[in-house]
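Report on one structure; see the data block that follows.
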Amino acid sequence: MSDAPNDARAQILGGIRRSLRRGELTGEARSAVETRLAEPPRGPSVARGQLPQAEKVALFCQWAETLNATVARVGPAEVPGEVSAYLARNNLPANVAMAPSPLLEGYDWASQKMLSIRRGHGQGSDQVSVTGAFAAIAETGTVVMASGPDHPVSLNLLPDTHVVVLREADIVGGYEDVWGRLRARYGKDLMPRTVNTITGPSRTGDIEQTIELGAHGPRRMHILVVRD
C-alpha cells in the first residue's frame with residue numbers, strides 16, 4: 001500500500017531538485033544542512049530587548065500602547081473583574097468567546113455573574129474573544145499566539161474586540177527568544193500549525209494613506225499583563 005504523504009513529499013522535493021538542476025544532497029553538503037536543522041543558529045538580537053525582566057515588561061507595555069492596544073497590569077485574582085470592567089467601560093456586550101485553555105480556567109470567572117462565556121472556536125457572530133498568549137515580545141509590543149485545541153486561531157481574527165491574558169513571565173526580549181521557546185515546548189517536527197504574531201489591533205493605510213483600524217481583524221485589543 002502506498003504511503004501517500006511520503007509520496008507527495010517526494011514529488012514536491014523532486015520537483016524542486018529538477019528546477020535547481022541537481023540531485024539529492026550528499027556528503028558534506030548534506031551534513032551541513034542536517035547540523036543546521038538540528039541546532040538552528042540564533043539570529044541577531046536587538047539591544048533594547050536585552051533588559052532585566054521587569055524592564056522587558058515595562059517596554060512591552062509601552063510599545064503595545066503606542067501601537068493602539070490598551071494595557072492593564074493586574075494580579076491573578078483581578079483578571080475576571082478587569083475583563084468585565086473593560087467591556088462595561090467600552091459599552092461592549094458581556095458575552096465572550098473564550099479559548100478552552102487550562103491557563104484561563106485557572107481564573108475565577110464564576111465571580112463575574114454578568115459575564116456570559118462560551119468556550120470554543122470563534123464564530124462570525126462573536127463580538128469579543130478572550131485568549132491567552134504563548135509569549136510576547138518586548139522590543140516590538142507583539143503578542144505571539146500558538147494554535148492548538150486550547151487556542152483556536154479564529155479567536156484571534158473574527159471578533160471586533162480581542163482581550164489577551166498575558167503572564168509577565170511569558171514576555172521575552174526579542175523574536176529569537178520566541179523561536180527558542182517554541183522549539184523547547186513542541187520539539188522537533190511537532191511545531192504548532194499556526195503561529196500568529198500580532199502587534200496591536202488590525203489596521204490598514206491602503207486608502208489615501210489613512211490608518212483604519214479593524215480592517216482585517218479586531219479593531220480593539222486589550223492586554224491584561226498578569227503579575228507573577
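Chains: A, B, ... in order of the C-alpha cells. Residues: from 1 per chain. Ligands: from 1, in order shown.
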Can you pull out every residue within 7 Å of stretch 57-71 of chain A, counting only C-alpha atoms, but drop anything in the same chain fewer than 2 positions away, and send it as a list in words?
Gln53, Ala54, Glu55, Arg73, Ile137, Ala138, Glu139, Thr140, Gly141, Thr142, Glu168, Ile171, Gly200, Pro201, Arg220, Met221, His222, Ile223 and Leu224 of chain A
Please dump the current selection as a short mmCIF file (atom, residue, chain, number, x, y, z; two decimals), in the first residue's frame; keep C-alpha atoms.
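The resulting again.cif:
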data_model
loop_
_atom_site.label_atom_id
_atom_site.label_comp_id
_atom_site.auth_asym_id
_atom_site.auth_seq_id
_atom_site.Cartn_x
_atom_site.Cartn_y
_atom_site.Cartn_z
CA GLN A 53 12.63 41.09 33.21
CA ALA A 54 10.87 43.98 34.95
CA GLU A 55 12.14 46.39 32.28
CA ARG A 73 -1.45 45.36 34.73
CA ILE A 137 7.94 40.43 22.57
CA ALA A 138 9.19 43.44 24.50
CA GLU A 139 11.12 45.09 21.65
CA THR A 140 8.01 45.48 19.47
CA GLY A 141 4.95 45.16 21.76
CA THR A 142 3.90 41.99 19.91
CA GLU A 168 4.60 38.62 32.86
CA ILE A 171 7.27 38.36 28.00
CA GLY A 200 -1.82 45.99 18.13
CA PRO A 201 -5.28 45.99 16.53
CA ARG A 220 -9.65 46.76 19.62
CA MET A 221 -7.02 44.83 21.57
CA HIS A 222 -6.92 44.90 25.36
CA ILE A 223 -3.98 43.14 27.04
CA LEU A 224 -4.07 42.08 30.67
#
For stretch 90-101 of chain A, find every residue with an atom within 8 Å (counting only C-alpha atoms), except residues of its own chain fewer than 6 positions away, and show them as JSON, numbers by chain.
{"A": [84, 114, 115, 116, 117, 118, 119, 120, 121, 122, 126, 127, 128, 129, 130, 131, 132, 149, 150, 151, 152, 155]}
DSSP-assigned alpha helix (DSSP H) among chain A, expressed as a PyMOL selection string
chain A and resi 4-20+27-38+53-66+79-89+102-105+154-157+175-186
A:Arg185 surroundings by only C-alpha atoms, 12 Å radius, close-in-sequence under 6 positions cut, as a ChimeraX atom specification
/A:134-135,146,178-179,191-192
Surrounding residues of A:Pro80 excluding itself and chain neighbours under 5 positions, 7 Å, only C-alpha atoms, as a PyMOL selection string:
chain A and resi 107-109+112
Those same residues - C-alpha atoms - I'd like them written as an mmCIF file, in the first residue's frame.
data_model
loop_
_atom_site.group_PDB
_atom_site.id
_atom_site.type_symbol
_atom_site.label_atom_id
_atom_site.label_comp_id
_atom_site.auth_asym_id
_atom_site.auth_seq_id
_atom_site.Cartn_x
_atom_site.Cartn_y
_atom_site.Cartn_z
ATOM 1 C CA TYR A 107 -9.102 32.239 36.941
ATOM 2 C CA ASP A 108 -12.353 32.667 38.874
ATOM 3 C CA TRP A 109 -14.734 33.529 36.029
ATOM 4 C CA GLN A 112 -18.472 37.694 37.346
#
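Distance-wise, atom CA of A:Val143 and atom CA of A:Ile198 end up 5.3 Å apart.
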